[in-house]
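Here the structure comes first, spelled out in structure tokens, and everything after it is commentary.
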Amino acid sequence: MYNGNENIVICDHPLIKHKITMLRKIETGTNEFRAVVEEIAMLMGYEALRDLELEEVEIETPLEKANCPVIAGKKPAVVPILRAGLGMVGGLLKLMPAAKVGHIGLYRDEVTHEPHEYYCKLPAPIELRKIFVVDPMLATGGSAVAAIDFIKQHGGKDITFMCVIAAPEGLERLQKAHPDVKIFVGNLDRELNEAAYICPGLGDAGDRIFGTK
């Protein structure tokens, strides 16, 4: 459903809600956590990809020739924010296996909680692609805003951001910084705590996806 803003979609599908609860549980192990993140990305992607453009091509079925729809234009680009965003890539690639994949590396200052870039590699021509920026968590919003800043600096224009959970503070910051970007959120959580972690949250998504601490 839309959250009072046509560019913000808070997903209300029962399967997405159920799977997010699985992620929240402290006893959910690395293998299951990783698999469920990918499943949520695929379920959310079904809605996020709804406005892909189509064109007709002529094919031959076992019975006759026919004009049938295929995705038009340049292949879409999936751009995870490293490292946790990598956990969502597989789900989207299952829906559009020909998509190109870029990467943006950011680390968060432990004192200011602000992001710093250490890597940015985007598929060309990025300005002609529909771009899906993915990160399981939208906390302060700093990383998402910075990542989209970098993409726009490289010429990207048609950008969608996807996350599994978000804090109200991060969602507001991202929407204000990039009002032209469509945002898909699996669940809007209550708040950020004093350490800038989403509550009730699910812990550190990167650590839980990759089994690190």
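Letters A, B, ... go to the chains of the structure tokens in the order shown; residues in each chain start at 1; ligands are counted from 1 in the same order.
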
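Summary of the local environment: counting only C-alpha atoms, residues at most 9 Å from Pro80 in chain A, other than itself and those fewer than 6 positions away along its chain, are Leu86, Gly87, Met88, Val89, Val101, Gly102, His103, Ile104, Gly105, Phe132, Val133, Val134 and Asp135 of chain A.
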
Backbone DSSP call of strand (DSSP E) for range 12-160 of chain A, listed as a ChimeraX atom specification: /A:54-60,65-71,77-82,100-101,103-108,115-121,130-134,137-138,158-160

Writing out the chosen residues with N, CA and C atoms as a tab-separated table (two decimals), in the first residue's frame:
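Result file is again23.tsv:
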chain	number	residue	atom	x	y	z
A	54	LEU	N	7.20	-2.37	-21.73
A	54	LEU	CA	7.13	-3.54	-22.61
A	54	LEU	C	7.11	-3.10	-24.06
A	55	GLU	N	7.57	-4.00	-24.91
A	55	GLU	CA	7.44	-3.83	-26.35
A	55	GLU	C	7.07	-5.19	-26.94
A	56	GLU	N	6.49	-5.16	-28.14
A	56	GLU	CA	6.08	-6.42	-28.76
A	56	GLU	C	7.13	-6.89	-29.76
A	57	VAL	N	7.37	-8.19	-29.74
A	57	VAL	CA	8.26	-8.80	-30.73
A	57	VAL	C	7.51	-9.98	-31.35
A	58	GLU	N	7.92	-10.31	-32.55
A	58	GLU	CA	7.29	-11.45	-33.22
A	58	GLU	C	8.01	-12.73	-32.85
A	59	ILE	N	7.25	-13.73	-32.40
A	59	ILE	CA	7.79	-15.03	-32.08
A	59	ILE	C	6.97	-16.09	-32.80
A	60	GLU	N	7.46	-17.30	-32.74
A	60	GLU	CA	6.71	-18.40	-33.33
A	60	GLU	C	6.38	-19.41	-32.23
A	65	LYS	N	2.75	-17.83	-35.73
A	65	LYS	CA	3.51	-16.64	-35.37
A	65	LYS	C	2.60	-15.69	-34.60
A	66	ALA	N	3.22	-14.97	-33.63
A	66	ALA	CA	2.42	-14.07	-32.81
A	66	ALA	C	3.28	-12.92	-32.32
A	67	ASN	N	2.67	-11.77	-32.11
A	67	ASN	CA	3.33	-10.63	-31.49
A	67	ASN	C	3.10	-10.69	-29.99
A	68	CYS	N	4.19	-10.76	-29.23
A	68	CYS	CA	4.09	-10.96	-27.78
A	68	CYS	C	4.99	-9.96	-27.04
A	69	PRO	N	4.62	-9.59	-25.80
A	69	PRO	CA	5.37	-8.57	-25.06
A	69	PRO	C	6.66	-9.10	-24.43
A	70	VAL	N	7.69	-8.26	-24.48
A	70	VAL	CA	8.95	-8.50	-23.76
A	70	VAL	C	9.36	-7.17	-23.12
A	71	ILE	N	10.25	-7.24	-22.14
A	71	ILE	CA	10.73	-6.02	-21.49
A	71	ILE	C	11.51	-5.18	-22.50
A	77	ALA	N	19.25	-2.31	-13.96
A	77	ALA	CA	20.45	-2.45	-13.13
A	77	ALA	C	20.04	-2.61	-11.68
A	78	VAL	N	20.62	-3.61	-11.01
A	78	VAL	CA	20.44	-3.80	-9.57
A	78	VAL	C	21.73	-3.34	-8.89
A	79	VAL	N	21.61	-2.41	-7.94
A	79	VAL	CA	22.79	-1.84	-7.29
A	79	VAL	C	22.66	-2.02	-5.79
A	80	PRO	N	23.30	-3.06	-5.23
A	80	PRO	CA	23.28	-3.23	-3.77
A	80	PRO	C	24.25	-2.26	-3.10
A	81	ILE	N	23.84	-1.79	-1.92
A	81	ILE	CA	24.75	-1.04	-1.05
A	81	ILE	C	25.50	-2.08	-0.23
A	82	LEU	N	26.81	-2.16	-0.41
A	82	LEU	CA	27.62	-3.18	0.25
A	82	LEU	C	27.67	-2.94	1.75
A	100	LYS	N	21.80	-6.13	-15.17
A	100	LYS	CA	23.19	-5.87	-14.82
A	100	LYS	C	23.28	-5.53	-13.33
A	101	VAL	N	24.43	-5.78	-12.73
A	101	VAL	CA	24.61	-5.54	-11.30
A	101	VAL	C	25.78	-4.59	-11.07
A	103	HIS	N	27.71	-1.99	-7.88
A	103	HIS	CA	27.98	-2.07	-6.45
A	103	HIS	C	28.37	-0.69	-5.93
A	104	ILE	N	27.86	-0.36	-4.75
A	104	ILE	CA	28.29	0.85	-4.05
A	104	ILE	C	28.72	0.44	-2.65
A	105	GLY	N	29.96	0.77	-2.30
A	105	GLY	CA	30.49	0.43	-0.98
A	105	GLY	C	30.52	1.65	-0.09
A	106	LEU	N	29.87	1.54	1.06
A	106	LEU	CA	29.84	2.61	2.05
A	106	LEU	C	30.15	2.04	3.42
A	107	TYR	N	30.80	2.79	4.26
A	107	TYR	CA	30.93	2.40	5.66
A	107	TYR	C	30.43	3.54	6.53
A	108	ARG	N	29.91	3.20	7.70
A	108	ARG	CA	29.30	4.19	8.58
A	108	ARG	C	30.26	4.57	9.69
A	115	PRO	N	27.69	8.14	6.37
A	115	PRO	CA	28.35	7.20	5.46
A	115	PRO	C	29.55	7.81	4.73
A	116	HIS	N	30.50	6.94	4.39
A	116	HIS	CA	31.65	7.33	3.59
A	116	HIS	C	31.81	6.31	2.46
A	117	GLU	N	32.02	6.81	1.25
A	117	GLU	CA	32.14	5.91	0.09
A	117	GLU	C	33.54	5.32	0.01
A	118	TYR	N	33.63	4.02	-0.31
A	118	TYR	CA	34.93	3.43	-0.61
A	118	TYR	C	34.93	2.68	-1.94
A	119	TYR	N	33.75	2.52	-2.58
A	119	TYR	CA	33.71	1.82	-3.86
A	119	TYR	C	32.43	2.17	-4.59
A	120	CYS	N	32.54	2.41	-5.90
A	120	CYS	CA	31.35	2.66	-6.73
A	120	CYS	C	31.62	2.17	-8.14
A	121	LYS	N	30.89	1.16	-8.57
A	121	LYS	CA	31.03	0.61	-9.92
A	121	LYS	C	29.63	0.36	-10.46
A	130	LYS	N	16.85	1.45	-15.87
A	130	LYS	CA	16.00	1.53	-14.67
A	130	LYS	C	16.80	0.90	-13.54
A	131	ILE	N	17.05	1.65	-12.48
A	131	ILE	CA	18.01	1.27	-11.45
A	131	ILE	C	17.27	0.93	-10.15
A	132	PHE	N	17.64	-0.22	-9.57
A	132	PHE	CA	17.07	-0.65	-8.31
A	132	PHE	C	18.18	-0.70	-7.27
A	133	VAL	N	18.17	0.25	-6.34
A	133	VAL	CA	19.15	0.30	-5.26
A	133	VAL	C	18.58	-0.49	-4.09
A	134	VAL	N	19.36	-1.44	-3.56
A	134	VAL	CA	18.83	-2.33	-2.53
A	134	VAL	C	19.72	-2.35	-1.29
A	137	MET	N	18.19	-2.58	5.21
A	137	MET	CA	17.79	-1.69	6.29
A	137	MET	C	17.96	-0.22	5.89
A	138	LEU	N	16.94	0.56	6.18
A	138	LEU	CA	16.98	2.01	6.02
A	138	LEU	C	16.88	2.61	7.41
A	158	ASP	N	16.47	7.14	-13.42
A	158	ASP	CA	15.27	6.36	-13.10
A	158	ASP	C	15.62	5.38	-11.98
A	159	ILE	N	15.39	5.80	-10.73
A	159	ILE	CA	15.90	5.08	-9.57
A	159	ILE	C	14.77	4.67	-8.63
A	160	THR	N	14.82	3.40	-8.20
A	160	THR	CA	13.92	2.88	-7.17
A	160	THR	C	14.78	2.35	-6.03

Using backbone DSSP assignments, extract all alpha helix (DSSP H) residues from range 1-208 of chain A; output them as a VMD selection string. chain A and resid 14 to 24 30 to 48 86 to 95 142 to 153 168 to 177 205 to 208

Shortest interatomic distance to Glu6 in chain A - which of A:Leu202, A:Ala98, A:Leu52, A:Ile183, counting only C-alpha atoms: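 Ranked by minimum distance to Glu6 in chain A, first place goes to A:Ile183.
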
When you draw a straight line from CA of Lys17 in chain A to CA of Ile165 in chain A, how long is it in Å?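 Taking CA of Lys17 in chain A as the start and CA of Ile165 in chain A as the end point, the length is 10.3 Å.
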
Mind pulling up the distance from CA of Val145 in chain A to CA of His18 in chain A?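 Those two atoms sit 28.3 Å apart.
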
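Distance check against Gly155 in chain A using only C-alpha atoms: of A:Glu169, A:Glu110, A:Asp207, A:Glu127, the minimum falls on A:Glu127.
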
Using only C-alpha atoms, which residues sit within 9 Å of Val37 in chain A once same-chain residues fewer than 6 positions away are excluded, as number ranges by chain? A: 19-20, 23, 87-88, 91, 136, 164, 209

Which value, in Å to one decimal, gives the distance between CA of Phe161 in chain A and CA of Lys182 in chain A?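 Computing it gives 6.2 Å between the two atoms.
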